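For reference, coords_18.cif is printed below; it contains mmCIF, C-alpha atoms and all ligand atoms.
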```cif
data_model
#
loop_
_atom_site.group_PDB
_atom_site.id
_atom_site.type_symbol
_atom_site.label_atom_id
_atom_site.label_comp_id
_atom_site.auth_asym_id
_atom_site.auth_seq_id
_atom_site.Cartn_x
_atom_site.Cartn_y
_atom_site.Cartn_z
ATOM 1 C CA MET A 1 -63.807 -117.489 -33.612
ATOM 2 C CA SER A 2 -66.228 -119.011 -31.075
ATOM 3 C CA ASP A 3 -69.399 -117.334 -29.845
ATOM 4 C CA SER A 4 -67.864 -116.560 -26.469
ATOM 5 C CA ASP A 5 -64.901 -114.832 -28.139
ATOM 6 C CA SER A 6 -67.131 -112.521 -30.107
ATOM 7 C CA THR A 7 -69.160 -111.742 -26.952
ATOM 8 C CA ASP A 8 -65.954 -110.851 -25.112
ATOM 9 C CA THR A 9 -64.853 -108.527 -27.884
ATOM 10 C CA THR A 10 -68.200 -106.752 -27.874
ATOM 11 C CA GLN A 11 -68.111 -106.316 -24.101
ATOM 12 C CA ALA A 12 -64.541 -105.008 -24.241
ATOM 13 C CA ASP A 13 -65.576 -102.504 -26.917
ATOM 14 C CA LYS A 14 -68.522 -101.371 -24.833
ATOM 15 C CA PHE A 15 -66.287 -100.933 -21.802
ATOM 16 C CA SER A 16 -63.729 -98.863 -23.675
ATOM 17 C CA SER A 17 -66.369 -96.589 -25.155
ATOM 18 C CA ALA A 18 -68.017 -96.147 -21.738
ATOM 19 C CA ALA A 19 -64.629 -95.210 -20.281
ATOM 20 C CA GLU A 20 -64.074 -92.840 -23.166
ATOM 21 C CA ILE A 21 -67.450 -91.206 -22.599
ATOM 22 C CA ALA A 22 -66.684 -90.778 -18.884
ATOM 23 C CA GLN A 23 -63.313 -89.217 -19.781
ATOM 24 C CA ALA A 24 -64.923 -86.893 -22.332
ATOM 25 C CA ASN A 25 -67.499 -85.765 -19.753
ATOM 26 C CA GLU A 26 -64.786 -85.109 -17.195
ATOM 27 C CA ASP A 27 -62.721 -83.218 -19.781
ATOM 28 C CA SER A 28 -65.665 -80.957 -20.630
ATOM 29 C CA ARG A 29 -66.357 -80.300 -16.942
ATOM 30 C CA PHE A 30 -62.775 -79.201 -16.232
ATOM 31 C CA MET A 31 -62.573 -77.226 -19.476
ATOM 32 C CA MET A 32 -65.589 -75.224 -18.343
ATOM 33 C CA MET A 33 -63.670 -74.390 -15.158
ATOM 34 C CA ALA A 34 -60.736 -73.260 -17.320
ATOM 35 C CA MET A 35 -63.190 -71.047 -19.230
ATOM 36 C CA GLN A 36 -64.285 -69.521 -15.918
ATOM 37 C CA MET A 37 -60.635 -68.708 -15.202
ATOM 38 C CA ALA A 38 -60.399 -67.139 -18.677
ATOM 39 C CA ALA A 39 -63.373 -64.923 -17.801
ATOM 40 C CA LYS A 40 -61.339 -63.581 -14.841
ATOM 41 C CA ALA A 41 -58.616 -62.525 -17.291
ATOM 42 C CA GLU A 42 -61.208 -60.724 -19.382
ATOM 43 C CA GLU A 43 -62.517 -58.860 -16.321
ATOM 44 C CA LYS A 44 -59.014 -57.430 -15.972
ATOM 45 C CA GLY A 45 -58.826 -56.455 -19.623
ATOM 46 C CA GLU A 46 -56.493 -59.316 -20.527
ATOM 47 C CA VAL A 47 -56.889 -61.730 -23.425
ATOM 48 C CA PRO A 48 -59.194 -64.397 -21.961
ATOM 49 C CA VAL A 49 -57.185 -67.591 -21.577
ATOM 50 C CA GLY A 50 -57.656 -69.811 -18.526
ATOM 51 C CA ALA A 51 -56.214 -73.024 -17.152
ATOM 52 C CA VAL A 52 -56.751 -75.534 -14.345
ATOM 53 C CA LEU A 53 -54.515 -78.360 -13.199
ATOM 54 C CA VAL A 54 -56.180 -81.588 -12.108
ATOM 55 C CA LYS A 55 -54.677 -84.456 -10.134
ATOM 56 C CA ASP A 56 -56.582 -87.517 -8.904
ATOM 57 C CA GLY A 57 -59.841 -85.986 -10.076
ATOM 58 C CA ALA A 58 -59.393 -82.794 -8.034
ATOM 59 C CA VAL A 59 -58.480 -79.267 -9.124
ATOM 60 C CA ILE A 60 -55.071 -78.394 -7.634
ATOM 61 C CA SER A 61 -54.749 -74.901 -9.082
ATOM 62 C CA GLY A 62 -56.112 -72.442 -11.581
ATOM 63 C CA GLY A 63 -54.567 -69.617 -13.560
ATOM 64 C CA PHE A 64 -55.493 -66.946 -16.035
ATOM 65 C CA ASN A 65 -53.596 -64.776 -18.462
ATOM 66 C CA TYR A 66 -52.323 -61.741 -16.542
ATOM 67 C CA SER A 67 -49.326 -60.559 -18.569
ATOM 68 C CA ILE A 68 -50.339 -56.913 -19.001
ATOM 69 C CA GLY A 69 -51.412 -56.315 -15.398
ATOM 70 C CA LEU A 70 -48.361 -58.000 -13.900
ATOM 71 C CA HIS A 71 -45.944 -56.530 -16.471
ATOM 72 C CA ASP A 72 -44.823 -60.092 -17.010
ATOM 73 C CA PRO A 73 -44.624 -61.705 -20.446
ATOM 74 C CA SER A 74 -44.435 -65.096 -18.744
ATOM 75 C CA ALA A 75 -47.724 -64.662 -16.861
ATOM 76 C CA HIS A 76 -49.727 -66.825 -19.272
ATOM 77 C CA ALA A 77 -52.608 -68.863 -17.843
ATOM 78 C CA GLU A 78 -50.617 -72.117 -17.940
ATOM 79 C CA MET A 79 -47.568 -70.593 -16.217
ATOM 80 C CA GLN A 80 -49.706 -69.070 -13.471
ATOM 81 C CA CYS A 81 -51.462 -72.406 -12.993
ATOM 82 C CA ILE A 82 -48.219 -74.429 -12.970
ATOM 83 C CA ARG A 83 -46.526 -72.045 -10.511
ATOM 84 C CA GLN A 84 -49.455 -72.273 -8.110
ATOM 85 C CA ALA A 85 -49.667 -76.061 -8.420
ATOM 86 C CA GLY A 86 -45.984 -76.388 -7.515
ATOM 87 C CA LYS A 87 -46.609 -74.362 -4.366
ATOM 88 C CA VAL A 88 -49.728 -76.352 -3.446
ATOM 89 C CA LEU A 89 -48.044 -79.720 -3.992
ATOM 90 C CA GLN A 90 -44.688 -78.478 -2.669
ATOM 91 C CA ASN A 91 -43.046 -80.120 -5.634
ATOM 92 C CA TYR A 92 -41.457 -78.893 -8.837
ATOM 93 C CA ARG A 93 -42.705 -82.019 -10.601
ATOM 94 C CA LEU A 94 -46.415 -82.222 -11.303
ATOM 95 C CA LEU A 95 -46.506 -85.954 -11.974
ATOM 96 C CA ASP A 96 -49.727 -87.732 -12.976
ATOM 97 C CA SER A 97 -51.601 -84.510 -13.525
ATOM 98 C CA THR A 98 -53.653 -83.075 -16.371
ATOM 99 C CA LEU A 99 -53.533 -79.451 -17.472
ATOM 100 C CA TYR A 100 -56.703 -78.037 -19.010
ATOM 101 C CA VAL A 101 -56.297 -74.819 -20.968
ATOM 102 C CA THR A 102 -58.746 -72.977 -23.200
ATOM 103 C CA LEU A 103 -56.146 -72.173 -25.892
ATOM 104 C CA GLU A 104 -53.311 -74.289 -27.281
ATOM 105 C CA PRO A 105 -50.125 -73.493 -25.320
ATOM 106 C CA CYS A 106 -47.321 -71.380 -26.791
ATOM 107 C CA ALA A 107 -43.697 -72.575 -26.914
ATOM 108 C CA MET A 108 -42.902 -71.141 -23.452
ATOM 109 C CA CYS A 109 -45.851 -72.829 -21.775
ATOM 110 C CA ALA A 110 -45.334 -76.078 -23.696
ATOM 111 C CA GLY A 111 -41.742 -76.061 -22.418
ATOM 112 C CA ALA A 112 -42.941 -75.554 -18.838
ATOM 113 C CA ILE A 113 -45.449 -78.385 -19.274
ATOM 114 C CA VAL A 114 -42.617 -80.721 -20.329
ATOM 115 C CA HIS A 115 -40.316 -79.534 -17.505
ATOM 116 C CA SER A 116 -43.012 -80.042 -14.882
ATOM 117 C CA ARG A 117 -43.709 -83.590 -16.179
ATOM 118 C CA ILE A 118 -47.417 -83.010 -16.543
ATOM 119 C CA SER A 119 -48.713 -86.240 -18.034
ATOM 120 C CA ARG A 120 -51.660 -84.992 -20.048
ATOM 121 C CA LEU A 121 -52.607 -81.751 -21.773
ATOM 122 C CA VAL A 122 -56.183 -80.970 -22.773
ATOM 123 C CA PHE A 123 -56.856 -77.799 -24.734
ATOM 124 C CA GLY A 124 -59.822 -76.122 -26.390
ATOM 125 C CA ALA A 125 -59.023 -73.872 -29.336
ATOM 126 C CA ASN A 126 -56.066 -74.291 -31.670
ATOM 127 C CA ASP A 127 -53.642 -71.385 -31.886
ATOM 128 C CA GLU A 128 -52.845 -70.995 -35.559
ATOM 129 C CA LYS A 129 -50.132 -68.405 -34.875
ATOM 130 C CA THR A 130 -48.183 -69.716 -31.904
ATOM 131 C CA GLY A 131 -49.601 -73.140 -30.994
ATOM 132 C CA ALA A 132 -46.809 -75.389 -29.711
ATOM 133 C CA ALA A 133 -48.827 -78.538 -29.117
ATOM 134 C CA GLY A 134 -49.138 -79.612 -32.722
ATOM 135 C CA THR A 135 -50.407 -76.637 -34.722
ATOM 136 C CA VAL A 136 -47.249 -74.610 -35.479
ATOM 137 C CA ILE A 137 -44.733 -76.809 -33.661
ATOM 138 C CA ASP A 138 -45.065 -79.789 -31.327
ATOM 139 C CA ILE A 139 -42.968 -79.292 -28.217
ATOM 140 C CA VAL A 140 -45.042 -81.424 -25.851
ATOM 141 C CA ARG A 141 -44.564 -84.544 -27.992
ATOM 142 C CA HIS A 142 -41.139 -83.771 -29.419
ATOM 143 C CA GLU A 143 -39.187 -86.919 -30.301
ATOM 144 C CA ALA A 144 -35.954 -85.596 -28.818
ATOM 145 C CA PHE A 145 -37.403 -85.105 -25.326
ATOM 146 C CA ASN A 146 -37.541 -87.835 -22.697
ATOM 147 C CA HIS A 147 -40.929 -86.754 -21.438
ATOM 148 C CA LYS A 148 -43.841 -86.825 -23.815
ATOM 149 C CA VAL A 149 -47.226 -85.424 -22.938
ATOM 150 C CA GLU A 150 -50.478 -87.076 -23.937
ATOM 151 C CA VAL A 151 -52.544 -84.483 -25.824
ATOM 152 C CA THR A 152 -56.291 -84.153 -26.278
ATOM 153 C CA ALA A 153 -57.163 -81.206 -28.529
ATOM 154 C CA GLY A 154 -60.482 -79.570 -29.340
ATOM 155 C CA VAL A 155 -62.361 -80.077 -26.034
ATOM 156 C CA CYS A 156 -65.196 -77.494 -25.946
ATOM 157 C CA GLU A 157 -63.422 -76.003 -28.953
ATOM 158 C CA ALA A 158 -66.318 -73.891 -30.245
ATOM 159 C CA ALA A 159 -67.002 -72.338 -26.827
ATOM 160 C CA CYS A 160 -63.309 -71.649 -26.147
ATOM 161 C CA SER A 161 -62.850 -70.072 -29.608
ATOM 162 C CA GLU A 162 -65.958 -67.954 -29.187
ATOM 163 C CA GLN A 163 -64.774 -66.670 -25.800
ATOM 164 C CA LEU A 164 -61.635 -65.342 -27.513
ATOM 165 C CA SER A 165 -63.346 -64.099 -30.697
ATOM 166 C CA ALA A 166 -66.022 -62.253 -28.722
ATOM 167 C CA PHE A 167 -63.298 -60.521 -26.693
ATOM 168 C CA PHE A 168 -61.445 -59.361 -29.811
ATOM 169 C CA ARG A 169 -64.706 -58.273 -31.473
ATOM 170 C CA ARG A 170 -65.608 -56.185 -28.422
ATOM 171 C CA ARG A 171 -62.136 -54.687 -28.243
ATOM 172 C CA ARG A 172 -62.199 -53.684 -31.928
ATOM 173 C CA LYS A 173 -65.590 -52.074 -31.393
ATOM 174 C CA GLU A 174 -64.358 -50.173 -28.324
ATOM 175 C CA LYS A 175 -61.271 -48.937 -30.190
ATOM 176 C CA LYS A 176 -63.487 -47.799 -33.060
ATOM 177 C CA ALA A 177 -65.764 -45.939 -30.629
ATOM 178 C CA VAL A 178 -62.793 -44.217 -28.974
ATOM 179 C CA LYS A 179 -61.477 -43.181 -32.410
ATOM 180 C CA ALA A 180 -64.890 -41.820 -33.433
ATOM 181 C CA LEU A 181 -65.111 -39.876 -30.196
ATOM 182 C CA ALA A 182 -61.638 -38.400 -30.703
ATOM 183 C CA LYS A 183 -62.575 -37.378 -34.245
ATOM 184 C CA LEU A 184 -65.749 -35.690 -33.003
ATOM 185 C CA ALA A 185 -63.842 -33.829 -30.302
ATOM 186 C CA ALA A 186 -61.250 -32.655 -32.849
ATOM 187 C CA GLU A 187 -63.980 -31.404 -35.168
ATOM 188 C CA GLU A 188 -65.687 -29.523 -32.317
ATOM 189 C CA CYS A 189 -62.430 -27.888 -31.266
ATOM 190 C CA ALA A 190 -61.704 -26.849 -34.885
ATOM 191 C CA LYS A 191 -65.069 -25.045 -35.050
ATOM 192 C CA ARG A 192 -64.235 -22.796 -32.134
HETATM 193 ZN ZN ZN A 201 -48.046 -69.486 -23.191
#
```
Just give me the structure as structure tokens.
Amino acid sequence: MSDSDSTDTTQADKFSSAAEIAQANEDSRFMMMAMQMAAKAEEKGEVPVGAVLVKDGAVISGGFNYSIGLHDPSAHAEMQCIRQAGKVLQNYRLLDSTLYVTLEPCAMCAGAIVHSRISRLVFGANDEKTGAAGTVIDIVRHEAFNHKVEVTAGVCEAACSEQLSAFFRRRRKEKKAVKALAKLAAEECAKR
């Protein structure tokens, strides 16, 4: 190997890592927007999961989990986001786009991601119970499907996990408080 060859290799390595750093920064930035969408779900008493769809560096749509409020089991953050993106782009295919979501998609959402031809999926926390992007099952990269989605897992993972954990902690506490209050009321009534 000549000197110039080794220099070229080094420069190529530097370039790829710089590109990777830029991508990682962009991923974090959009994941934070997805977390803001998740906060909207929480405001409505829903499990805080949020998503944004990005195409050509711009946010096309956002969605948050709204299943309880809409009486719609399909109203997951990803589905809401995908539906809105289709309307914005006036296309049922969401080619060359990236979906950012705070929690690993379930089988339904992973299926919708494949159907809409989203090219890349970036998610925060793994879903140990229903994750369909590699944890429980891998629908987005299934061998049998024509379309395979590029997956980046674990972006802002700690923050995304904490957003969910904090919600469930608060909810347990609230339920406990309601129970304690009911017990107190029952005791008071019994005394009369
Ligand atoms: Zn889902």
Which polymer residues have any atom within 9 Å of an atom of Met33 (chain A), counting all atoms listed in the file, with same-chain residues fewer than 6 positions away left out, as a list in words?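 The filter keeps Gly50, Ala51, Val52, Gly62 and Tyr100 of chain A.
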So, with only C-alpha atoms and all ligand atoms as the atoms that count, which of A:Ala110, A:Leu164, A:Met35, A:Leu184 lies closest to ligand ZN 201 (chain A)?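 Going through A:Ala110, A:Leu164, A:Met35, A:Leu184 one by one, the smallest distance to ligand ZN 201 (chain A) is for A:Ala110.
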Expand the PyMOL selection byres (((not hetatm)) within 7 of (chain A and resi 201)) into the individual residues it matches in the shown file, reporting them as a ChimeraX atom specification. /A:76,78,105-109
When you draw a straight line from CA of Lys173 (chain A) to CA of Phe64 (chain A), how long is it in Å?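 Atom-to-atom, CA of Lys173 (chain A) and CA of Phe64 (chain A) are spaced 23.6 Å apart.
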Interatomic distance between CA of Leu53 (chain A) and CA of Ala34 (chain A)? 9.0 Å
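Here CA of Arg172 (chain A) and CA of Ala153 (chain A) stand 28.2 Å from one another.
Residues in contact range of Ile68 (chain A), defined as at most 10 Å between all atoms listed in the file, with sequence neighbours fewer than 6 positions away removed, read Lys44, Gly45, Glu46, Val47, Ala75 and His76 of chain A.
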Result set of the PyMOL selection byres (((chain A and resi 130) around 12) and not hetatm) on the coordinates above, as a short mmCIF file (atom, residue, chain, number, x, y, z; two decimals) with C-alpha atoms, in the coordinates of the input:
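Done, and the output landed in part17.cif:
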```cif
data_model
loop_
_atom_site.label_atom_id
_atom_site.label_comp_id
_atom_site.auth_asym_id
_atom_site.auth_seq_id
_atom_site.Cartn_x
_atom_site.Cartn_y
_atom_site.Cartn_z
CA LEU A 103 -56.15 -72.17 -25.89
CA GLU A 104 -53.31 -74.29 -27.28
CA PRO A 105 -50.12 -73.49 -25.32
CA CYS A 106 -47.32 -71.38 -26.79
CA ALA A 107 -43.70 -72.58 -26.91
CA MET A 108 -42.90 -71.14 -23.45
CA CYS A 109 -45.85 -72.83 -21.78
CA ALA A 110 -45.33 -76.08 -23.70
CA ALA A 125 -59.02 -73.87 -29.34
CA ASN A 126 -56.07 -74.29 -31.67
CA ASP A 127 -53.64 -71.39 -31.89
CA GLU A 128 -52.84 -71.00 -35.56
CA LYS A 129 -50.13 -68.40 -34.88
CA GLY A 131 -49.60 -73.14 -30.99
CA ALA A 132 -46.81 -75.39 -29.71
CA ALA A 133 -48.83 -78.54 -29.12
CA GLY A 134 -49.14 -79.61 -32.72
CA THR A 135 -50.41 -76.64 -34.72
CA VAL A 136 -47.25 -74.61 -35.48
CA ILE A 137 -44.73 -76.81 -33.66
CA ASP A 138 -45.06 -79.79 -31.33
CA ILE A 139 -42.97 -79.29 -28.22
#
```
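With all atoms listed in the file as the basis for measurement, A:Thr98 is the residue among A:Asn65, A:Gln84, A:Ser28, A:Thr98 that approaches Ile118 (chain A) most closely.
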Using the chain letters and numbers from the file, give me the residues hit by the PyMOL selection byres (((chain A and resi 117) around 7) and not hetatm), as a list in words. Arg93, Leu94, Leu95, Ile113, Val114, His115, Ser116, Ile118, Ser119 and His147 of chain A
Hey, could you pull the box centre and edge lengths for region 104-108 of chain A, axis-aligned, 4 Å padding per side, all listed atoms, to one decimal in Å, as JSON?
```
{"center_x": -48.1, "center_y": -72.7, "center_z": -25.4, "size_x": 18.4, "size_y": 11.1, "size_z": 11.8}
```
Nearest to Val149 (chain A), chosen from A:Asp96, A:Asp56, A:Asp72, A:Glu43, with only C-alpha atoms counted in the distances: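 Nearest to Val149 (chain A): A:Asp96.
Shortest atom-to-atom contact with Gln80 (chain A) among A:Val155, A:Val49, A:Ala166, A:Val54: A:Val49, counting all atoms listed in the file.
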Using all atoms listed in the file, which of A:Lys191, A:Gly111, A:Val101, A:Ala38 sits nearest Phe145 (chain A)?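 The closest residue to Phe145 (chain A) is A:Gly111.
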Using all atoms listed in the file, which residues sit within 9 Å of Met32 (chain A) once same-chain residues fewer than 4 positions away are excluded, as a PyMOL selection string? chain A and resi 27-28+36-37+102+156+160
